[in-house]
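Colleague: Coordinates in entry-v6.txt, compact mmCIF, C-alpha atoms, are listed below.
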```
# COMPACT_ATOMS: atom_id res chain seq x y z
CA MET A 1 0.00 0.00 0.00
CA SER A 2 1.34 3.46 -0.88
CA HIS A 3 0.61 6.65 1.00
CA ASN A 4 0.57 10.15 -0.39
CA PHE A 5 2.59 12.51 1.75
CA GLU A 6 2.66 16.21 1.05
CA VAL A 7 5.93 17.79 2.12
CA PRO A 8 5.28 21.12 3.86
CA TYR A 9 7.44 24.09 2.81
CA GLU A 10 9.08 21.95 0.14
CA ALA A 11 9.63 24.79 -2.33
CA ASP A 12 12.22 26.56 -0.18
CA PHE A 13 14.52 23.53 -0.33
CA HIS A 14 14.63 23.43 -4.12
CA PRO A 15 16.48 25.99 -6.28
CA ASP A 16 14.58 29.07 -7.36
CA VAL A 17 16.61 29.71 -10.50
CA ASP A 18 15.11 33.13 -11.12
CA GLY A 19 15.59 34.11 -7.49
CA LEU A 20 19.24 33.03 -7.53
CA ALA A 21 19.81 34.85 -10.82
CA ASP A 22 18.28 38.01 -9.38
CA ALA A 23 20.49 37.74 -6.27
CA LEU A 24 23.57 37.39 -8.49
CA ALA A 25 22.50 40.35 -10.60
CA ARG A 26 22.12 42.48 -7.46
CA LEU A 27 25.60 41.44 -6.35
CA VAL A 28 27.18 42.32 -9.68
CA ALA A 29 25.36 45.66 -9.79
CA ALA A 30 26.47 46.54 -6.26
CA ARG A 31 30.09 45.68 -7.00
CA SER A 32 29.96 47.78 -10.17
CA ALA A 33 28.44 50.83 -8.51
CA THR A 34 30.45 53.90 -7.59
CA GLY A 35 30.24 55.60 -4.23
CA GLU A 36 32.06 56.29 -1.00
CA PRO A 37 34.47 53.60 0.23
CA HIS A 38 33.20 53.98 3.78
CA VAL A 39 29.70 54.41 5.19
CA ASP A 40 28.48 55.68 8.54
CA PRO A 41 28.76 52.68 10.89
CA ASN A 42 26.11 54.21 13.17
CA ARG A 43 23.39 54.30 10.52
CA ASN A 44 20.47 52.21 11.70
CA LEU A 45 19.31 49.22 9.68
CA GLU A 46 15.85 49.72 8.27
CA LEU A 47 14.60 46.33 9.36
CA PRO A 48 11.75 45.16 11.60
CA ARG A 49 12.57 45.39 15.31
CA VAL A 50 10.27 42.44 16.00
CA LEU A 51 10.28 39.18 14.03
CA PRO A 52 7.32 39.32 11.60
CA GLU A 53 4.58 36.82 12.30
CA GLU A 54 4.19 36.11 8.60
CA GLY A 55 7.25 35.60 6.42
CA LEU A 56 8.11 37.71 3.39
CA GLY A 57 9.22 34.78 1.25
CA GLY A 58 12.74 34.28 -0.06
CA ARG A 59 12.65 37.05 -2.63
CA GLY A 60 10.91 39.46 -0.30
CA ALA A 61 13.51 38.87 2.41
CA LEU A 62 16.36 39.33 -0.09
CA ASP A 63 14.75 42.56 -1.33
CA LEU A 64 14.69 43.88 2.23
CA LEU A 65 18.27 42.85 3.00
CA ALA A 66 19.88 43.85 -0.31
CA GLY A 67 20.56 47.39 0.89
CA PRO A 68 22.24 46.49 4.21
CA ALA A 69 24.12 43.54 2.71
CA LEU A 70 25.33 45.05 -0.55
CA GLU A 71 25.13 48.85 -0.23
CA GLN A 72 25.53 49.80 3.43
CA VAL A 73 29.03 48.38 3.45
CA SER A 74 32.64 49.45 3.37
CA ARG A 75 33.88 49.05 -0.19
CA LEU A 76 37.06 47.07 0.30
CA ASP A 77 37.59 47.10 -3.48
CA HIS A 78 37.34 50.91 -3.83
CA ARG A 79 40.43 52.64 -5.25
CA GLY A 80 40.43 54.90 -2.20
CA PHE A 81 40.20 52.16 0.43
CA LEU A 82 43.59 51.68 2.09
CA ALA A 83 42.64 51.16 5.69
CA HIS A 84 42.56 47.69 7.20
CA MET A 85 43.87 44.13 6.87
CA ASP A 86 40.66 43.16 5.07
CA PRO A 87 40.95 42.59 1.31
CA PRO A 88 38.38 42.36 -1.44
CA THR A 89 37.79 38.75 -2.42
CA PRO A 90 38.22 37.15 -5.88
CA TRP A 91 35.02 36.17 -7.64
CA PRO A 92 35.63 32.37 -7.58
CA THR A 93 35.39 32.50 -3.78
CA TRP A 94 31.88 33.94 -4.07
CA ALA A 95 30.81 30.93 -6.10
CA ALA A 96 32.62 28.49 -3.80
CA ALA A 97 31.02 30.02 -0.70
CA GLN A 98 27.60 29.68 -2.34
CA TRP A 99 28.30 26.03 -3.20
CA GLY A 100 29.33 25.40 0.38
CA ALA A 101 26.13 26.96 1.73
CA ALA A 102 24.00 24.96 -0.71
CA VAL A 103 25.34 21.53 0.20
CA ASN A 104 26.07 22.40 3.87
CA GLN A 105 28.73 19.77 4.52
CA ASN A 106 29.74 19.07 8.12
CA LEU A 107 33.34 18.03 8.65
CA LEU A 108 32.64 16.64 12.10
CA HIS A 109 31.63 13.27 10.66
CA PRO A 110 32.72 11.38 7.51
CA ASP A 111 29.07 10.72 6.63
CA THR A 112 28.25 14.43 6.45
CA GLY A 113 31.32 15.75 4.65
CA PRO A 114 33.16 12.99 2.80
CA ALA A 115 34.93 15.07 0.15
CA ALA A 116 35.25 18.14 2.36
CA ARG A 117 37.13 16.11 4.97
CA GLN A 118 39.70 15.20 2.33
CA LEU A 119 39.91 18.70 0.85
CA GLU A 120 40.96 20.45 4.07
CA PRO A 121 44.13 18.38 4.75
CA LEU A 122 45.00 18.60 1.06
CA VAL A 123 44.91 22.41 1.14
CA ILE A 124 46.93 22.34 4.36
CA SER A 125 49.53 20.14 2.65
CA TRP A 126 49.84 22.67 -0.19
CA LEU A 127 50.69 25.50 2.21
CA ALA A 128 52.38 24.01 5.29
CA PRO A 129 55.83 23.43 3.69
CA ALA A 130 56.24 27.16 3.03
CA PHE A 131 56.36 27.63 6.80
CA GLY A 132 58.48 24.59 7.59
CA MET A 133 55.44 22.88 9.12
CA ASP A 134 54.15 19.38 8.37
CA GLY A 135 50.40 19.87 8.85
CA GLY A 136 47.59 21.56 10.73
CA HIS A 137 43.94 22.47 10.25
CA LEU A 138 41.60 25.32 9.35
CA VAL A 139 40.00 27.59 11.94
CA PRO A 140 37.71 30.66 11.68
CA GLY A 141 40.47 33.18 12.41
CA SER A 142 43.89 33.66 13.96
CA THR A 143 42.36 34.33 17.36
CA VAL A 144 41.29 30.68 17.34
CA ALA A 145 44.58 29.66 15.68
CA ASN A 146 46.62 31.29 18.45
CA LEU A 147 44.42 29.78 21.15
CA THR A 148 44.72 26.34 19.54
CA ALA A 149 48.51 26.53 19.28
CA LEU A 150 48.90 27.67 22.89
CA TRP A 151 46.51 24.95 24.03
CA ALA A 152 48.68 22.31 22.34
CA ALA A 153 51.81 23.92 23.77
CA ARG A 154 50.47 23.91 27.32
CA ASP A 155 49.28 20.32 27.23
CA LEU A 156 52.36 18.91 25.48
CA THR A 157 55.05 20.78 27.41
CA GLY A 158 53.53 21.72 30.74
CA ALA A 159 54.28 25.39 30.07
CA CYS A 160 52.77 27.78 32.59
CA ARG A 161 53.32 31.18 31.00
CA VAL A 162 53.19 33.00 27.68
CA VAL A 163 55.92 35.48 26.78
CA THR A 164 55.21 37.91 23.97
CA SER A 165 55.77 41.54 23.01
CA THR A 166 53.74 44.57 24.00
CA ALA A 167 52.80 44.91 20.30
CA ALA A 168 51.35 41.40 20.05
CA HIS A 169 47.75 40.94 18.97
CA LEU A 170 45.20 40.98 21.79
CA SER A 171 44.28 37.37 20.97
CA VAL A 172 47.52 36.25 22.62
CA ALA A 173 46.46 37.78 25.93
CA LYS A 174 43.00 36.27 25.46
CA ALA A 175 44.47 32.81 24.89
CA ALA A 176 46.71 33.08 27.96
CA HIS A 177 43.73 34.10 30.06
CA LEU A 178 41.50 31.30 28.79
CA LEU A 179 44.22 28.69 29.27
CA GLY A 180 45.17 29.86 32.76
CA LEU A 181 48.68 30.89 31.72
CA GLU A 182 50.66 33.80 33.11
CA LEU A 183 51.22 36.55 30.53
CA VAL A 184 54.60 38.30 30.36
CA GLU A 185 54.97 41.20 27.92
CA VAL A 186 58.39 42.20 26.60
CA PRO A 187 59.05 45.79 25.41
CA VAL A 188 59.53 46.61 21.73
CA ASP A 189 62.19 48.68 20.01
CA ASP A 190 61.61 51.89 18.08
CA ARG A 191 60.42 49.85 15.06
CA GLN A 192 57.85 47.96 17.18
CA ARG A 193 59.81 44.68 17.17
CA MET A 194 60.20 42.55 20.27
CA ARG A 195 63.36 43.30 22.27
CA ALA A 196 64.69 39.73 22.23
CA ASP A 197 67.51 40.82 24.54
CA LEU A 198 64.88 41.47 27.23
CA LEU A 199 63.36 37.99 27.16
CA PRO A 200 63.42 36.22 30.55
CA ASP A 201 66.55 34.17 31.14
CA ASP A 202 64.66 30.96 31.93
CA LEU A 203 62.14 30.01 29.23
CA THR A 204 61.95 26.30 29.98
CA ARG A 205 58.31 26.57 31.07
CA SER A 206 57.33 29.35 28.68
CA VAL A 207 55.58 29.59 25.34
CA VAL A 208 57.25 32.40 23.39
CA VAL A 209 54.87 34.03 20.91
CA LEU A 210 56.55 36.02 18.14
CA THR A 211 54.65 38.26 15.75
CA ALA A 212 55.16 38.33 11.98
CA GLY A 213 53.30 41.47 10.99
CA THR A 214 52.01 43.49 13.94
CA VAL A 215 48.57 45.02 13.56
CA THR A 216 49.68 48.63 13.92
CA THR A 217 52.88 48.79 11.85
CA GLY A 218 53.36 45.37 10.24
CA ALA A 219 56.60 44.88 12.21
CA VAL A 220 58.25 41.46 12.32
CA ASP A 221 59.83 40.18 15.53
CA PRO A 222 63.17 38.33 15.34
CA LEU A 223 61.60 34.98 14.51
CA GLU A 224 64.47 32.86 15.81
CA ALA A 225 64.22 34.42 19.26
CA GLY A 226 63.25 32.38 22.28
CA ASP A 227 65.88 29.67 22.13
CA GLY A 228 65.33 27.30 25.01
CA ALA A 229 61.61 27.96 25.29
CA ALA A 230 59.25 25.06 25.90
CA TRP A 231 57.40 26.04 22.70
CA ARG A 232 57.79 28.78 20.10
CA HIS A 233 54.72 30.03 18.25
CA VAL A 234 54.64 32.60 15.43
CA ASP A 235 51.51 34.68 14.97
CA ALA A 236 51.82 35.32 11.24
CA ALA A 237 48.17 36.26 10.81
CA TRP A 238 49.03 39.18 8.56
CA ALA A 239 52.44 38.64 6.99
CA GLY A 240 52.51 34.85 6.77
CA PRO A 241 51.66 34.68 3.04
CA LEU A 242 54.93 36.48 2.27
CA ARG A 243 56.45 33.01 2.57
CA LEU A 244 54.86 32.18 -0.78
CA SER A 245 56.46 35.20 -2.46
CA ALA A 246 59.83 36.64 -3.40
CA HIS A 247 59.77 38.37 0.01
CA ALA A 248 59.92 35.08 1.95
CA GLY A 249 63.21 36.13 3.55
CA ILE A 250 61.43 38.79 5.62
CA LEU A 251 60.06 35.90 7.69
CA ALA A 252 63.36 33.99 7.95
CA GLY A 253 63.32 31.82 11.03
CA ILE A 254 59.61 31.05 10.97
CA GLU A 255 60.47 27.50 9.94
CA THR A 256 62.11 26.93 13.34
CA ALA A 257 58.84 27.46 15.25
CA ASP A 258 56.68 24.73 16.76
CA SER A 259 53.49 26.30 15.42
CA VAL A 260 52.37 29.09 13.10
CA ALA A 261 49.06 30.94 12.68
CA VAL A 262 48.05 32.51 9.34
CA SER A 263 44.85 34.37 8.47
CA ALA A 264 43.80 33.43 4.94
CA HIS A 265 41.15 36.15 5.12
CA LYS A 266 43.89 38.72 5.20
CA TRP A 267 46.72 38.43 2.63
CA LEU A 268 45.33 35.34 0.89
CA TYR A 269 42.26 37.40 -0.08
CA GLN A 270 39.71 34.98 1.39
CA PRO A 271 36.22 35.60 2.76
CA LYS A 272 36.03 36.10 6.50
CA GLU A 273 36.46 33.21 8.92
CA SER A 274 39.30 31.52 7.05
CA ALA A 275 42.57 30.91 8.87
CA LEU A 276 45.09 28.13 9.44
CA VAL A 277 47.07 26.79 12.37
CA PHE A 278 50.19 24.82 11.40
CA PHE A 279 52.40 22.56 13.52
CA SER A 280 55.92 21.25 13.02
CA ASP A 281 54.67 17.91 14.40
CA SER A 282 50.98 17.96 13.56
CA ASP A 283 50.33 14.31 14.48
CA THR A 284 51.47 14.89 18.05
CA ALA A 285 49.71 18.25 18.30
CA HIS A 286 46.45 16.89 16.91
CA ARG A 287 46.48 13.97 19.33
CA ALA A 288 46.72 16.47 22.18
CA LEU A 289 43.77 18.39 20.72
CA SER A 290 41.57 15.38 19.94
CA PHE A 291 38.34 14.42 21.62
CA GLY A 292 35.93 11.63 20.79
CA GLY A 293 32.41 10.51 21.52
CA SER A 294 30.26 7.45 21.01
CA TYR A 295 28.45 9.17 18.15
CA LEU A 296 31.65 10.10 16.28
CA ALA A 297 33.28 7.89 13.66
CA ALA A 298 36.50 9.93 13.79
CA PRO A 299 38.17 12.03 16.50
CA ASN A 300 37.19 15.69 16.72
CA VAL A 301 40.43 17.68 16.44
CA GLY A 302 40.73 21.20 17.79
CA LEU A 303 38.42 23.77 19.30
CA LEU A 304 35.58 23.54 16.80
CA GLY A 305 32.93 20.86 16.70
CA SER A 306 30.93 20.88 13.52
CA HIS A 307 32.17 23.22 10.83
CA GLY A 308 31.56 23.66 7.14
CA ASN A 309 33.74 23.32 4.08
CA ALA A 310 35.89 26.35 4.86
CA ALA A 311 38.65 25.01 2.62
CA LEU A 312 36.56 25.27 -0.54
CA PRO A 313 36.96 29.03 -1.26
CA LEU A 314 40.67 28.82 -0.39
CA ALA A 315 41.12 25.78 -2.62
CA VAL A 316 39.46 27.46 -5.58
CA THR A 317 41.70 30.52 -5.13
CA LEU A 318 44.90 28.48 -4.90
CA LEU A 319 43.96 26.37 -7.91
CA SER A 320 42.86 29.45 -9.86
CA TRP A 321 46.07 31.40 -9.24
CA GLY A 322 48.70 28.77 -8.45
CA ARG A 323 51.63 29.59 -6.21
CA SER A 324 53.07 32.06 -8.71
CA GLY A 325 49.73 33.85 -8.96
CA VAL A 326 49.45 34.19 -5.18
CA ALA A 327 53.05 35.40 -5.05
CA GLY A 328 52.51 37.88 -7.86
CA ARG A 329 49.56 39.52 -6.15
CA ILE A 330 51.38 39.82 -2.82
CA GLU A 331 54.48 41.19 -4.53
CA ALA A 332 52.33 43.75 -6.35
CA ASP A 333 50.86 44.87 -3.00
CA MET A 334 54.36 45.19 -1.55
CA ALA A 335 55.39 47.33 -4.51
CA THR A 336 52.30 49.51 -4.00
CA ALA A 337 53.23 50.00 -0.33
CA GLU A 338 56.73 51.08 -1.34
CA LEU A 339 55.27 53.50 -3.89
CA PHE A 340 52.86 54.85 -1.27
CA ALA A 341 55.75 55.53 1.12
CA ARG A 342 57.67 57.41 -1.59
CA LEU A 343 54.63 59.52 -2.44
CA VAL A 344 54.21 60.46 1.22
CA GLU A 345 57.89 61.42 1.48
CA ASP A 346 57.54 63.65 -1.59
CA HIS A 347 54.88 65.82 0.14
CA VAL A 348 56.21 68.47 2.50
CA VAL A 349 52.89 68.53 4.37
CA LEU A 350 52.97 64.79 5.06
CA GLU A 351 55.15 62.72 7.38
CA LEU A 352 56.17 59.05 7.06
CA TRP A 353 56.68 57.01 10.27
CA GLY A 354 59.08 54.58 8.63
CA GLN A 355 59.59 52.43 5.60
CA PRO A 356 56.93 49.70 5.30
CA VAL A 357 58.16 46.18 6.06
CA THR A 358 55.10 44.07 5.31
CA GLY A 359 52.78 46.31 3.32
CA VAL A 360 51.62 48.54 6.21
CA VAL A 361 52.28 52.26 5.72
CA ASN A 362 52.11 54.61 8.72
CA TRP A 363 51.89 58.30 7.88
CA ARG A 364 50.09 61.51 8.82
CA PRO A 365 49.73 65.23 8.10
CA ALA A 366 52.80 66.92 9.54
CA ALA A 367 51.00 69.71 11.38
CA ARG A 368 47.35 68.64 11.67
CA ASP A 369 45.32 66.28 13.80
CA PRO A 370 45.08 63.05 11.77
CA ALA A 371 41.63 62.19 13.12
CA GLU A 372 40.25 65.64 12.29
CA VAL A 373 41.54 65.43 8.73
CA ARG A 374 40.20 61.91 8.31
CA GLY A 375 36.78 63.14 9.40
CA ARG A 376 36.67 65.35 6.31
CA LEU A 377 37.78 62.68 3.85
CA THR A 378 35.68 61.94 0.81
CA ASP A 379 36.23 59.21 -1.80
CA ALA A 380 38.98 57.60 0.31
CA TRP A 381 39.40 55.88 3.66
CA ILE A 382 42.31 55.14 6.00
CA SER A 383 42.50 53.81 9.55
CA LEU A 384 43.98 55.39 12.67
CA ALA A 385 46.70 53.91 14.87
CA ASP A 386 48.51 54.86 18.05
CA ILE A 387 52.28 54.32 17.94
CA ALA A 388 54.09 55.03 21.21
CA GLY A 389 51.39 57.50 22.20
CA THR A 390 51.31 59.40 18.91
CA PRO A 391 48.42 59.21 16.42
CA TRP A 392 49.23 58.04 12.90
CA TYR A 393 47.39 56.87 9.86
CA ARG A 394 47.59 53.18 9.06
CA SER A 395 47.20 52.24 5.40
CA VAL A 396 47.32 48.50 4.83
CA VAL A 397 47.92 47.54 1.21
CA ALA A 398 45.55 44.57 1.07
CA ASN A 399 43.38 46.02 -1.70
CA PRO A 400 44.95 45.30 -5.11
CA LEU A 401 42.58 47.83 -6.70
CA ALA A 402 43.69 50.75 -4.52
CA ASP A 403 45.40 53.84 -5.93
CA PRO A 404 47.83 55.38 -3.40
CA GLN A 405 48.08 58.66 -5.31
CA HIS A 406 44.29 58.99 -5.16
CA VAL A 407 44.30 58.41 -1.39
CA ILE A 408 47.04 60.96 -0.78
CA ASP A 409 45.32 63.52 -3.00
CA ARG A 410 42.09 63.14 -1.03
CA VAL A 411 43.96 63.66 2.26
CA ILE A 412 45.64 66.77 0.85
CA ASP A 413 42.20 68.04 -0.21
CA ALA A 414 40.94 67.49 3.36
CA LEU A 415 43.71 69.49 5.03
```
Take the structure in the file and write it out as structure tokens.

Modeller:
Amino acid sequence: MSHNFEVPYEADFHPDVDGLADALARLVAARSATGEPHVDPNRNLELPRVLPEEGLGGRGALDLLAGPALEQVSRLDHRGFLAHMDPPTPWPTWAAAQWGAAVNQNLLHPDTGPAARQLEPLVISWLAPAFGMDGGHLVPGSTVANLTALWAARDLTGACRVVTSTAAHLSVAKAAHLLGLELVEVPVDDRQRMRADLLPDDLTRSVVVLTAGTVTTGAVDPLEAGDGAAWRHVDAAWAGPLRLSAHAGILAGIETADSVAVSAHKWLYQPKESALVFFSDSDTAHRALSFGGSYLAAPNVGLLGSHGNAALPLAVTLLSWGRSGVAGRIEADMATAELFARLVEDHVVLELWGQPVTGVVNWRPAARDPAEVRGRLTDAWISLADIAGTPWYRSVVANPLADPQHVIDRVIDAL
């Protein structure tokens, strides 16, 4: 005997080809539009304050959200956007992210992500050798990468404190706090690099965290520092991808670390929540980070439980560009940063903090309040930074479409 069963709400789980095409058209139109690179972050969203009792339908909801999602945004691809460590993303990642959302694979279990579980270690194997590491896994960001590395370090070595510089990312202090480790901060020199000569004499129970590309200036600590430490970790969230380029020597010594963190959503041009934690002995580290359960067919490694196919957008980028293509784009950004610094030096009304090391340019008007001038900017955007108590601009060359001359001209106009 057969029974007729009507599936409620079935339509929403099948493709609406016209709806998807319209969503893509809106995306393309928004990316093609001109406008300011930065919008008022305090502008209120024009959305219901209470969840509607009756739904708007897929197209109605997308209509309502198109403005906030595609227009009320900072234009990271704008020629005047030289502000943060957040790049525009290449178009294949948009497609890959959509594929990932559509099939919704879960890497927690082989049954729910068979191919995705193989793709992630493959992508890791493509990148790990550049850092002298033998493996690792993907995480949503370098905050989680740093926490994961310090977790492995604590459990494998018995370390009881973290030693890092005063310019280290705040995630290092967070990780030390969460893991119950003492935090010791070492002063930096006049270029914002760790004073390795001021490291504690006894590091046998310490995790030394070195930074490759500080947030404020892009400075690189001496990456071979910390000899004798229980564990040495390099936070290369920003500058790590230089290891794939002709500028790999800037990060000399990174290959001697026990672990390395890299944010793919920075200088590998990936969508947000894409980062990697690498280990020199990943088998041992992963065993220390593994948990199981009666419902799991494979151990759960790391901080995350279920997570999606985060490797897919990164894989499509790496396959699209190849190593030489990744290197070429990073090298072009480095050249742009050098050009930017020269243009600043050529203006008598502008001041350069120092030559950029990893694509971060710090500069300011010589006799004006940087924040006041930035408040008058149009058609360009830069971020603010405090260096040793003095306000500076911070222009991070992560946008391959940016025009440094345009940015400087707009600042001159705003003086």

Colleague: With a cut-off of 7 Å, could you pull out the residues of range 147-180 of chain A touching range 212-215 of chain A and give me the nearest pair of atoms for each, distance in Å to one decimal, using all atoms listed in the file, ordered by chain and ascending number, as a tab-separated table?

Modeller:
```
residue	atom	partner	partner_atom	distance
A:Ala167	CA	A:Thr214	CA	6.6
A:Ala168	CA	A:Thr214	CA	6.5
A:His169	CA	A:Val215	CA	6.8
```

Colleague: Kindly provide the residues of range 33-150 of chain A that approach range 289-307 of chain A to within 7 Å, each paired with its closest atom pair and their distance in Å to one decimal, based on only C-alpha atoms, listed by chain and increasing number, as JSON lines.

Modeller:
```
{"residue": "A:Asn106", "atom": "CA", "partner": "A:His307", "partner_atom": "CA", "distance": 5.5}
{"residue": "A:Leu107", "atom": "CA", "partner": "A:His307", "partner_atom": "CA", "distance": 5.7}
{"residue": "A:Leu108", "atom": "CA", "partner": "A:Ser306", "partner_atom": "CA", "distance": 4.8}
{"residue": "A:His109", "atom": "CA", "partner": "A:Ala297", "partner_atom": "CA", "distance": 6.4}
{"residue": "A:Thr148", "atom": "CA", "partner": "A:Gly302", "partner_atom": "CA", "distance": 6.7}
```

Colleague: Once you count all atoms listed in the file, what closest atom pair and distance in Å to one decimal does each residue of range 223-276 of chain A within 8 Å of range 396-407 of chain A have, with rows by chain and rising residue number, as a tab-separated table?

Modeller:
```
residue	atom	partner	partner_atom	distance
A:Lys266	CA	A:Ala398	CA	7.4
A:Trp267	CA	A:Ala398	CA	6.4
A:Tyr269	CA	A:Ala398	CA	8.0
```

Colleague: Would you save the residues of that selection, restricted to C-alpha atoms, as a tab-separated table (two decimals), in the frame of the given file?

Modeller:
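Writing done, so here's part-v3.tsv:
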```tsv
chain	number	residue	atom	x	y	z
A	266	LYS	CA	43.89	38.72	5.20
A	267	TRP	CA	46.72	38.43	2.63
A	269	TYR	CA	42.26	37.40	-0.08
```

Colleague: When you count all atoms listed in the file, which of these residues is closest to Ala385 in chain A: A:Ala236, A:Leu150, A:Ala83, A:Val184?

Modeller: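 Between A:Ala236, A:Leu150, A:Ala83, A:Val184, the residue approaching Ala385 in chain A most closely is A:Ala83.
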
Colleague: Find the smallest box with edges along x, y and z containing every listed atom of range 118-124 of chain A, then add 3 Å on each side and report centre and edge lengths in Å to one decimal, as JSON.

Modeller:
```
{"center_x": 43.3, "center_y": 18.8, "center_z": 2.8, "size_x": 13.2, "size_y": 13.2, "size_z": 9.9}
```

Colleague: Interatomic distance between CA of Leu127 in chain A and CA of Ala237 in chain A?

Modeller: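 One can read the CA of Leu127 in chain A to CA of Ala237 in chain A distance as 14.0 Å.
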